[in-house]
$ cat structure.csv   # CSV, C-alpha atoms
chain,number,residue,atom,x,y,z
N,8,MET,CA,0.0,0.0,0.0
N,9,THR,CA,1.2,3.5,-0.9
N,10,THR,CA,1.7,5.5,2.3
N,11,GLN,CA,1.6,9.0,0.8
N,12,PRO,CA,-1.9,9.9,-0.4
N,13,LEU,CA,-2.5,12.1,-3.4
N,14,LEU,CA,-5.4,13.9,-1.8
N,15,THR,CA,-6.7,14.1,1.8
N,16,GLY,CA,-9.6,15.7,3.6
N,17,SER,CA,-11.4,18.5,1.8
N,18,GLU,CA,-9.1,18.1,-1.2
N,19,LEU,CA,-11.4,15.1,-2.0
N,20,PHE,CA,-14.1,17.6,-2.8
N,21,LYS,CA,-12.3,18.0,-6.2
N,22,LEU,CA,-13.3,14.4,-6.9
N,23,ILE,CA,-16.7,13.9,-5.3
N,24,PRO,CA,-19.9,16.1,-5.1
N,25,GLN,CA,-20.9,14.9,-1.6
N,26,ARG,CA,-20.4,17.4,1.3
N,27,ALA,CA,-20.8,17.4,5.1
N,28,PRO,CA,-22.4,15.7,6.9
N,29,ILE,CA,-22.2,12.8,4.4
N,30,VAL,CA,-18.5,12.7,3.3
N,31,MET,CA,-17.5,9.1,3.6
N,32,VAL,CA,-14.0,9.2,2.0
N,33,ASP,CA,-11.2,11.3,3.2
N,34,THR,CA,-8.1,9.8,1.6
N,35,PHE,CA,-7.2,9.1,-2.0
N,36,PHE,CA,-4.0,7.2,-2.4
N,37,ARG,CA,-3.7,6.4,-6.1
N,38,ALA,CA,-5.5,5.3,-9.2
N,39,ASP,CA,-4.7,3.8,-12.6
N,40,ASP,CA,-7.1,2.7,-15.4
N,41,GLU,CA,-8.3,-0.3,-13.4
N,42,CYS,CA,-7.7,0.1,-9.7
N,43,ALA,CA,-7.8,2.8,-7.0
N,44,ASP,CA,-7.0,3.0,-3.3
N,45,THR,CA,-9.0,5.1,-0.9
N,46,GLY,CA,-9.5,5.5,2.8
N,47,LEU,CA,-11.6,6.9,5.6
N,48,HIS,CA,-10.7,7.7,9.2
N,49,VAL,CA,-13.7,6.6,11.4
N,50,GLU,CA,-14.6,9.5,13.7
N,51,SER,CA,-17.3,9.6,16.4
N,52,SER,CA,-18.9,12.6,14.7
N,53,ASN,CA,-19.7,10.5,11.6
N,54,ILE,CA,-23.4,10.6,10.8
N,55,PHE,CA,-23.4,6.8,10.5
N,56,CYS,CA,-21.6,6.1,13.8
N,57,ARG,CA,-23.4,4.6,16.7
N,58,ASP,CA,-21.9,3.1,19.9
N,59,GLY,CA,-18.4,3.5,18.7
N,60,GLU,CA,-18.9,1.8,15.3
N,61,LEU,CA,-19.5,2.9,11.8
N,62,CYS,CA,-22.8,1.2,10.9
N,63,GLU,CA,-23.6,-0.7,7.6
N,64,PRO,CA,-24.8,2.4,5.6
N,65,GLY,CA,-21.5,4.1,6.4
N,66,VAL,CA,-19.5,1.2,5.2
N,67,ILE,CA,-21.5,0.9,2.0
N,68,GLU,CA,-21.5,4.7,1.4
N,69,HIS,CA,-17.8,4.7,1.9
N,70,ILE,CA,-17.4,2.2,-0.9
N,71,ALA,CA,-19.8,4.1,-3.2
N,72,GLN,CA,-18.0,7.4,-2.6
N,73,SER,CA,-14.7,5.7,-3.1
N,74,ALA,CA,-16.0,4.6,-6.5
N,75,ALA,CA,-17.2,8.2,-7.1
N,76,ALA,CA,-13.8,9.5,-6.2
N,77,PHE,CA,-12.2,7.0,-8.6
N,78,ALA,CA,-14.6,8.1,-11.4
N,79,GLY,CA,-13.8,11.8,-10.5
N,80,TYR,CA,-10.1,11.4,-10.6
N,81,LYS,CA,-9.7,11.4,-14.4
N,82,PRO,CA,-11.9,14.5,-14.9
N,83,TYR,CA,-9.9,16.2,-12.0
N,84,THR,CA,-6.5,15.5,-13.8
N,85,LEU,CA,-8.1,17.2,-16.8
N,86,GLY,CA,-9.2,20.2,-14.7
N,87,GLU,CA,-13.0,19.3,-14.8
N,88,GLU,CA,-15.6,19.3,-12.1
N,89,PRO,CA,-16.7,16.0,-10.5
N,90,LYS,CA,-19.9,14.5,-11.9
N,91,LEU,CA,-22.9,13.2,-9.9
N,92,GLY,CA,-22.8,9.5,-9.5
N,93,PHE,CA,-25.5,7.2,-8.2
N,94,ILE,CA,-25.5,3.7,-6.9
N,95,GLY,CA,-27.5,1.5,-9.3
N,96,GLU,CA,-26.9,-1.9,-7.6
N,97,VAL,CA,-25.2,-3.3,-4.5
N,98,LYS,CA,-24.4,-7.0,-4.7
N,99,LYS,CA,-22.6,-9.6,-2.6
N,100,CYS,CA,-21.9,-7.1,0.1
N,101,LYS,CA,-20.5,-9.0,3.0
N,102,ILE,CA,-19.5,-7.2,6.2
N,103,VAL,CA,-17.3,-9.2,8.5
N,104,ARG,CA,-17.4,-6.6,11.2
N,105,LEU,CA,-18.1,-2.9,11.5
N,106,PRO,CA,-15.1,-0.6,11.7
N,107,ARG,CA,-14.6,1.2,15.0
N,108,VAL,CA,-14.1,4.8,15.9
N,109,GLY,CA,-10.4,5.6,15.6
N,110,GLU,CA,-9.7,2.9,13.0
N,111,PHE,CA,-8.7,3.7,9.4
N,112,MET,CA,-10.5,1.9,6.6
N,113,HIS,CA,-8.4,1.3,3.5
N,114,THR,CA,-10.3,0.3,0.4
N,115,GLN,CA,-9.1,-1.2,-2.8
N,116,LEU,CA,-11.3,-0.8,-5.8
N,117,LYS,CA,-11.2,-2.6,-9.1
N,118,ILE,CA,-13.2,-1.9,-12.2
N,119,VAL,CA,-14.6,-5.3,-13.3
N,120,GLY,CA,-16.8,-4.0,-16.1
N,121,GLU,CA,-17.9,-0.8,-17.9
N,122,ALA,CA,-20.7,-0.1,-20.3
N,123,ALA,CA,-22.9,2.8,-21.3
N,124,GLY,CA,-22.2,5.0,-18.4
N,125,ILE,CA,-22.4,2.1,-15.9
N,126,THR,CA,-19.3,1.0,-14.0
N,127,LEU,CA,-19.2,-2.3,-12.2
N,128,ILE,CA,-16.7,-2.2,-9.4
N,129,ALA,CA,-15.4,-4.7,-6.8
N,130,ALA,CA,-14.3,-3.4,-3.5
N,131,GLU,CA,-12.4,-4.8,-0.5
N,132,VAL,CA,-12.2,-2.8,2.7
N,133,TYR,CA,-9.4,-3.4,5.2
N,134,VAL,CA,-8.5,-2.3,8.6
N,135,ASP,CA,-4.8,-2.8,8.8
N,136,GLU,CA,-4.4,-6.3,7.2
N,137,GLU,CA,-7.9,-7.5,8.2
N,138,THR,CA,-10.6,-7.7,5.5
N,139,ILE,CA,-13.7,-6.2,7.1
N,140,ALA,CA,-16.0,-6.0,4.0
N,141,THR,CA,-16.2,-7.0,0.3
N,142,CYS,CA,-18.8,-5.7,-2.1
N,143,GLN,CA,-19.8,-5.3,-5.8
N,144,MET,CA,-21.5,-2.2,-7.0
N,145,LYS,CA,-22.9,-0.7,-10.2
N,146,ILE,CA,-22.4,3.0,-10.3
N,147,PHE,CA,-24.1,5.4,-12.8
N,148,ILE,CA,-22.2,8.5,-13.6
N,149,GLN,CA,-24.4,11.4,-14.8
N,150,ALA,CA,-23.0,12.8,-18.1
W,8,MET,CA,-33.2,5.8,14.0
W,9,LEU,CA,-29.5,6.1,12.9
W,10,VAL,CA,-29.9,9.2,10.8
W,11,THR,CA,-31.8,11.7,13.0
W,12,ASP,CA,-35.2,12.8,11.5
W,13,TYR,CA,-34.6,11.1,8.2
W,14,TYR,CA,-38.2,9.8,8.1
W,15,LYS,CA,-41.4,9.4,10.0
W,16,VAL,CA,-43.6,6.3,10.1
W,17,GLU,CA,-47.2,7.3,9.3
W,18,LYS,CA,-48.9,3.9,9.3
W,19,VAL,CA,-48.0,0.2,9.5
W,20,THR,CA,-50.2,-2.6,8.2
W,21,CYS,CA,-49.5,-6.3,7.8
W,22,THR,CA,-51.1,-8.7,5.3
W,23,ASP,CA,-50.1,-12.3,4.8
W,24,GLY,CA,-46.7,-11.7,6.5
W,25,VAL,CA,-45.9,-8.6,4.4
W,26,TYR,CA,-45.5,-5.5,6.6
W,27,THR,CA,-46.2,-2.2,4.8
W,28,TYR,CA,-44.8,1.0,6.4
W,29,LEU,CA,-46.2,4.2,5.0
W,30,ILE,CA,-43.3,6.6,5.5
W,31,SER,CA,-42.8,10.4,5.1
W,32,LEU,CA,-39.3,11.4,4.0
W,33,ASN,CA,-38.2,14.6,5.7
W,34,LYS,CA,-36.6,17.1,3.3
W,35,GLU,CA,-35.3,19.1,6.3
W,36,CYS,CA,-33.0,16.2,7.4
W,37,ALA,CA,-29.4,17.3,7.7
W,38,VAL,CA,-28.1,14.6,5.4
W,39,TYR,CA,-29.5,16.6,2.4
W,40,GLU,CA,-27.1,19.5,3.1
W,41,GLY,CA,-24.4,17.3,1.6
W,42,HIS,CA,-26.3,14.9,-0.7
W,43,PHE,CA,-26.2,17.0,-2.7
W,44,PRO,CA,-25.8,20.8,-2.0
W,45,GLY,CA,-28.9,22.5,-3.5
W,46,SER,CA,-30.1,19.2,-5.0
W,47,PRO,CA,-31.5,16.8,-2.4
W,48,VAL,CA,-31.3,13.1,-3.3
W,49,SER,CA,-32.2,10.4,-0.7
W,50,PRO,CA,-29.0,8.4,-0.2
W,51,GLY,CA,-29.5,4.8,-1.2
W,52,VAL,CA,-27.7,3.7,1.9
W,53,CYS,CA,-30.2,5.7,4.1
W,54,ASN,CA,-33.1,3.9,2.3
W,55,ILE,CA,-31.5,0.5,2.9
W,56,GLN,CA,-31.1,1.5,6.6
W,57,MET,CA,-34.7,2.5,6.7
W,58,ILE,CA,-35.8,-1.0,5.6
W,59,LYS,CA,-33.5,-2.5,8.2
W,60,GLU,CA,-35.0,-0.3,10.9
W,61,CYS,CA,-38.5,-1.5,9.9
W,62,ALA,CA,-37.3,-5.1,10.2
W,63,GLU,CA,-35.8,-4.3,13.7
W,64,GLU,CA,-39.1,-2.9,14.8
W,65,ILE,CA,-41.0,-5.9,13.5
W,66,LEU,CA,-38.7,-8.3,15.4
W,67,GLY,CA,-38.1,-6.1,18.4
W,68,LYS,CA,-34.3,-6.8,18.0
W,69,SER,CA,-31.2,-5.0,16.9
W,70,LEU,CA,-29.8,-6.5,13.7
W,71,PHE,CA,-26.5,-6.5,11.8
W,72,MET,CA,-26.8,-6.7,8.0
W,73,ASN,CA,-23.7,-8.8,7.4
W,74,ASN,CA,-24.8,-10.1,4.0
W,75,LEU,CA,-26.5,-7.8,1.6
W,76,GLN,CA,-27.1,-10.2,-1.3
W,77,LEU,CA,-28.7,-7.8,-3.7
W,78,CYS,CA,-30.1,-4.3,-3.8
W,79,ARG,CA,-31.3,-2.7,-7.0
W,80,LEU,CA,-31.9,1.0,-7.0
W,81,THR,CA,-34.0,1.6,-10.1
W,82,THR,CA,-35.6,5.0,-9.4
W,83,LEU,CA,-33.9,8.1,-7.9
W,84,ILE,CA,-35.8,8.9,-4.7
W,85,THR,CA,-35.9,12.5,-3.4
W,86,PRO,CA,-37.9,13.9,-0.5
W,87,ILE,CA,-39.4,16.4,-3.0
W,88,SER,CA,-40.4,14.0,-5.8
W,89,HIS,CA,-41.3,11.2,-3.3
W,90,PRO,CA,-42.5,12.9,0.0
W,91,GLN,CA,-44.2,9.6,0.9
W,92,VAL,CA,-43.1,6.1,0.2
W,93,GLU,CA,-44.2,2.6,1.1
W,94,VAL,CA,-41.6,0.3,2.6
W,95,LYS,CA,-42.5,-3.4,2.3
W,96,VAL,CA,-40.8,-6.0,4.5
W,97,THR,CA,-41.0,-9.7,4.8
W,98,ILE,CA,-38.7,-11.5,7.2
W,99,ALA,CA,-38.1,-15.2,8.1
W,100,GLU,CA,-35.7,-16.7,10.5
W,101,ALA,CA,-33.8,-20.0,10.2
W,102,ASP,CA,-30.9,-21.1,12.4
W,103,GLY,CA,-30.3,-17.6,13.7
W,104,ILE,CA,-30.2,-16.0,10.3
W,105,TYR,CA,-32.9,-13.5,9.4
W,106,LYS,CA,-33.8,-13.5,5.7
W,107,LEU,CA,-35.1,-10.2,4.7
W,108,LYS,CA,-36.9,-9.1,1.6
W,109,GLY,CA,-37.7,-5.5,1.3
W,110,SER,CA,-38.7,-2.8,-1.2
W,111,ILE,CA,-39.4,0.8,-1.4
W,112,GLY,CA,-42.1,2.1,-3.8
W,113,MET,CA,-45.6,3.5,-4.0
W,114,ALA,CA,-48.7,1.8,-5.3
W,115,ASP,CA,-47.5,-0.5,-8.2
W,116,GLU,CA,-44.1,1.2,-8.6
W,117,THR,CA,-40.9,-0.1,-7.1
W,118,TYR,CA,-38.0,2.2,-6.6
W,119,LEU,CA,-35.6,0.0,-4.7
W,120,ASP,CA,-35.6,-3.7,-3.8
W,121,LEU,CA,-33.4,-5.6,-1.4
W,122,LYS,CA,-32.5,-9.1,-0.4
W,123,ALA,CA,-30.3,-9.5,2.6
W,124,GLU,CA,-29.4,-11.7,5.5
W,125,LEU,CA,-29.1,-10.3,9.0
W,126,ILE,CA,-28.0,-11.6,12.4
W,127,GLU,CA,-29.0,-10.4,15.9
W,128,LYS,CA,-26.6,-7.8,17.2
$ encode --input "structure.csv" --output "structure tokens"
Amino acid sequence: MTTQPLLTGSELFKLIPQRAPIVMVDTFFRADDECADTGLHVESSNIFCRDGELCEPGVIEHIAQSAAAFAGYKPYTLGEEPKLGFIGEVKKCKIVRLPRVGEFMHTQLKIVGEAAGITLIAAEVYVDEETIATCQMKIFIQA
Amino acid sequence: MLVTDYYKVEKVTCTDGVYTYLISLNKECAVYEGHFPGSPVSPGVCNIQMIKECAEEILGKSLFMNNLQLCRLTTLITPISHPQVEVKVTIAEADGIYKLKGSIGMADETYLDLKAELIEK
């Protein structure tokens, strides 16, 4: 894993249209044509945190916004604004455990298919070396 | 409710094991400040959570959705275009696993459908 991120915190706003209180990605490590690495520091102030854990919608939204950031990275390198992206489908989303406040989620994304404005991504979410969630998602990016 | 003031249950009915929650979406919910600024769209994950919370109420238990098998989001839901929605839930338990089928729609239309397995938290 690359340790030096390309973008952190509000710099991610160059890649995603979501804003507080529903920003679920705060680190963008890298991207190439097929893969990207993102992350999120789990803080108690997170709208999806309850009893010291980031609940399921937070984990799934983190994956969705990671995909949005991935989709927004290329336009960003070309000096364009991020586009609105919507989840079309969530599939085979297995959550082993919920991440806890204070933990850092590191997410690896891979594009497994692309057609007509729909991107199919596979994601794996880690805390340190432990896989805590895996998921497939179809994302529509608004032209 | 995980996301404060996201929705309000207006009415609950149950026919042949299918629970129907008539729900009002609250356009004043803080989540819309960021999703998206000036253009409120109900986050898919909040709608999934809403179905889970209906299931928790039916069972009187806290649940962990550890296996979301499939969720299709076919219509964009906003609190402006869809101020009221119907959440339909069926739930069956076997060997400690709760099998949930849920949908969000209105009348004959379905905006989101969901199949998931949950365990007691």
$ interface_residues --input "structure.csv" --of "chain N" --to "chain W" --cutoff "12 Å" --atoms "all atoms listed in the file" --output "PDB file with C-alpha atoms, in the frame of the given file"
ATOM      1  CA  PHE N  20     -14.100  17.600  -2.800  1.00  0.00           C
ATOM      2  CA  ILE N  23     -16.700  13.900  -5.300  1.00  0.00           C
ATOM      3  CA  PRO N  24     -19.900  16.100  -5.100  1.00  0.00           C
ATOM      4  CA  GLN N  25     -20.900  14.900  -1.600  1.00  0.00           C
ATOM      5  CA  ARG N  26     -20.400  17.400   1.300  1.00  0.00           C
ATOM      6  CA  ALA N  27     -20.800  17.400   5.100  1.00  0.00           C
ATOM      7  CA  PRO N  28     -22.400  15.700   6.900  1.00  0.00           C
ATOM      8  CA  ILE N  29     -22.200  12.800   4.400  1.00  0.00           C
ATOM      9  CA  VAL N  30     -18.500  12.700   3.300  1.00  0.00           C
ATOM     10  CA  MET N  31     -17.500   9.100   3.600  1.00  0.00           C
ATOM     11  CA  ASN N  53     -19.700  10.500  11.600  1.00  0.00           C
ATOM     12  CA  ILE N  54     -23.400  10.600  10.800  1.00  0.00           C
ATOM     13  CA  PHE N  55     -23.400   6.800  10.500  1.00  0.00           C
ATOM     14  CA  CYS N  56     -21.600   6.100  13.800  1.00  0.00           C
ATOM     15  CA  ARG N  57     -23.400   4.600  16.700  1.00  0.00           C
ATOM     16  CA  ASP N  58     -21.900   3.100  19.900  1.00  0.00           C
ATOM     17  CA  GLU N  60     -18.900   1.800  15.300  1.00  0.00           C
ATOM     18  CA  LEU N  61     -19.500   2.900  11.800  1.00  0.00           C
ATOM     19  CA  CYS N  62     -22.800   1.200  10.900  1.00  0.00           C
ATOM     20  CA  GLU N  63     -23.600  -0.700   7.600  1.00  0.00           C
ATOM     21  CA  PRO N  64     -24.800   2.400   5.600  1.00  0.00           C
ATOM     22  CA  GLY N  65     -21.500   4.100   6.400  1.00  0.00           C
ATOM     23  CA  VAL N  66     -19.500   1.200   5.200  1.00  0.00           C
ATOM     24  CA  ILE N  67     -21.500   0.900   2.000  1.00  0.00           C
ATOM     25  CA  GLU N  68     -21.500   4.700   1.400  1.00  0.00           C
ATOM     26  CA  HIS N  69     -17.800   4.700   1.900  1.00  0.00           C
ATOM     27  CA  ILE N  70     -17.400   2.200  -0.900  1.00  0.00           C
ATOM     28  CA  ALA N  71     -19.800   4.100  -3.200  1.00  0.00           C
ATOM     29  CA  GLN N  72     -18.000   7.400  -2.600  1.00  0.00           C
ATOM     30  CA  LYS N  90     -19.900  14.500 -11.900  1.00  0.00           C
ATOM     31  CA  LEU N  91     -22.900  13.200  -9.900  1.00  0.00           C
ATOM     32  CA  GLY N  92     -22.800   9.500  -9.500  1.00  0.00           C
ATOM     33  CA  PHE N  93     -25.500   7.200  -8.200  1.00  0.00           C
ATOM     34  CA  ILE N  94     -25.500   3.700  -6.900  1.00  0.00           C
ATOM     35  CA  GLY N  95     -27.500   1.500  -9.300  1.00  0.00           C
ATOM     36  CA  GLU N  96     -26.900  -1.900  -7.600  1.00  0.00           C
ATOM     37  CA  VAL N  97     -25.200  -3.300  -4.500  1.00  0.00           C
ATOM     38  CA  LYS N  98     -24.400  -7.000  -4.700  1.00  0.00           C
ATOM     39  CA  LYS N  99     -22.600  -9.600  -2.600  1.00  0.00           C
ATOM     40  CA  CYS N 100     -21.900  -7.100   0.100  1.00  0.00           C
ATOM     41  CA  LYS N 101     -20.500  -9.000   3.000  1.00  0.00           C
ATOM     42  CA  ILE N 102     -19.500  -7.200   6.200  1.00  0.00           C
ATOM     43  CA  VAL N 103     -17.300  -9.200   8.500  1.00  0.00           C
ATOM     44  CA  ARG N 104     -17.400  -6.600  11.200  1.00  0.00           C
ATOM     45  CA  LEU N 105     -18.100  -2.900  11.500  1.00  0.00           C
ATOM     46  CA  ILE N 139     -13.700  -6.200   7.100  1.00  0.00           C
ATOM     47  CA  ALA N 140     -16.000  -6.000   4.000  1.00  0.00           C
ATOM     48  CA  THR N 141     -16.200  -7.000   0.300  1.00  0.00           C
ATOM     49  CA  CYS N 142     -18.800  -5.700  -2.100  1.00  0.00           C
ATOM     50  CA  GLN N 143     -19.800  -5.300  -5.800  1.00  0.00           C
ATOM     51  CA  MET N 144     -21.500  -2.200  -7.000  1.00  0.00           C
ATOM     52  CA  LYS N 145     -22.900  -0.700 -10.200  1.00  0.00           C
ATOM     53  CA  ILE N 146     -22.400   3.000 -10.300  1.00  0.00           C
ATOM     54  CA  PHE N 147     -24.100   5.400 -12.800  1.00  0.00           C
TER      55      PHE N 147
END
$ closest_residue --input "structure.csv" --among "W:Lys34, W:Lys59, W:Glu17, W:Gly45" --to "Tyr105 in chain W" --atoms "all atoms listed in the file"
W:Lys59
$ closest_residue --input "structure.csv" --among "N:Leu85, N:Val132, N:Leu22, N:Val119" --to "Asp44 in chain N" --atoms "all atoms listed in the file"
N:Val132
$ residues_around --input "structure.csv" --residues "Gln11 in chain N" --least-positions-apart "4" --cutoff "12 Å" --atoms "only C-alpha atoms" --output "list in words"
Thr15, Thr34, Phe35, Phe36, Arg37, Asp44, Thr45 and Gly46 of chain N
$ residues_near_point --input "structure.csv" --point "(-29.6, -12.8, 10.8)" --cutoff "6 Å" --atoms "all atoms listed in the file" --output "number ranges by chain"
W: 103-105, 124-127
$ closest_residue --input "structure.csv" --among "N:Val108, N:Gln149, N:Leu19, N:Leu47" --to "Ala123 in chain N" --atoms "all atoms listed in the file"
N:Gln149
$ residues_near_point --input "structure.csv" --point "(-38.8, -6.3, 4.9)" --cutoff "10 Å" --atoms "only C-alpha atoms" --output "MDAnalysis selection string"
chainID W and resid 24:28 57:63 65 94:99 106:111 120:123
$ atom_distance --input "structure.csv" --atom1 "CA of Met112 in chain N" --atom2 "CA of Ala74 in chain N"
14.5 Å
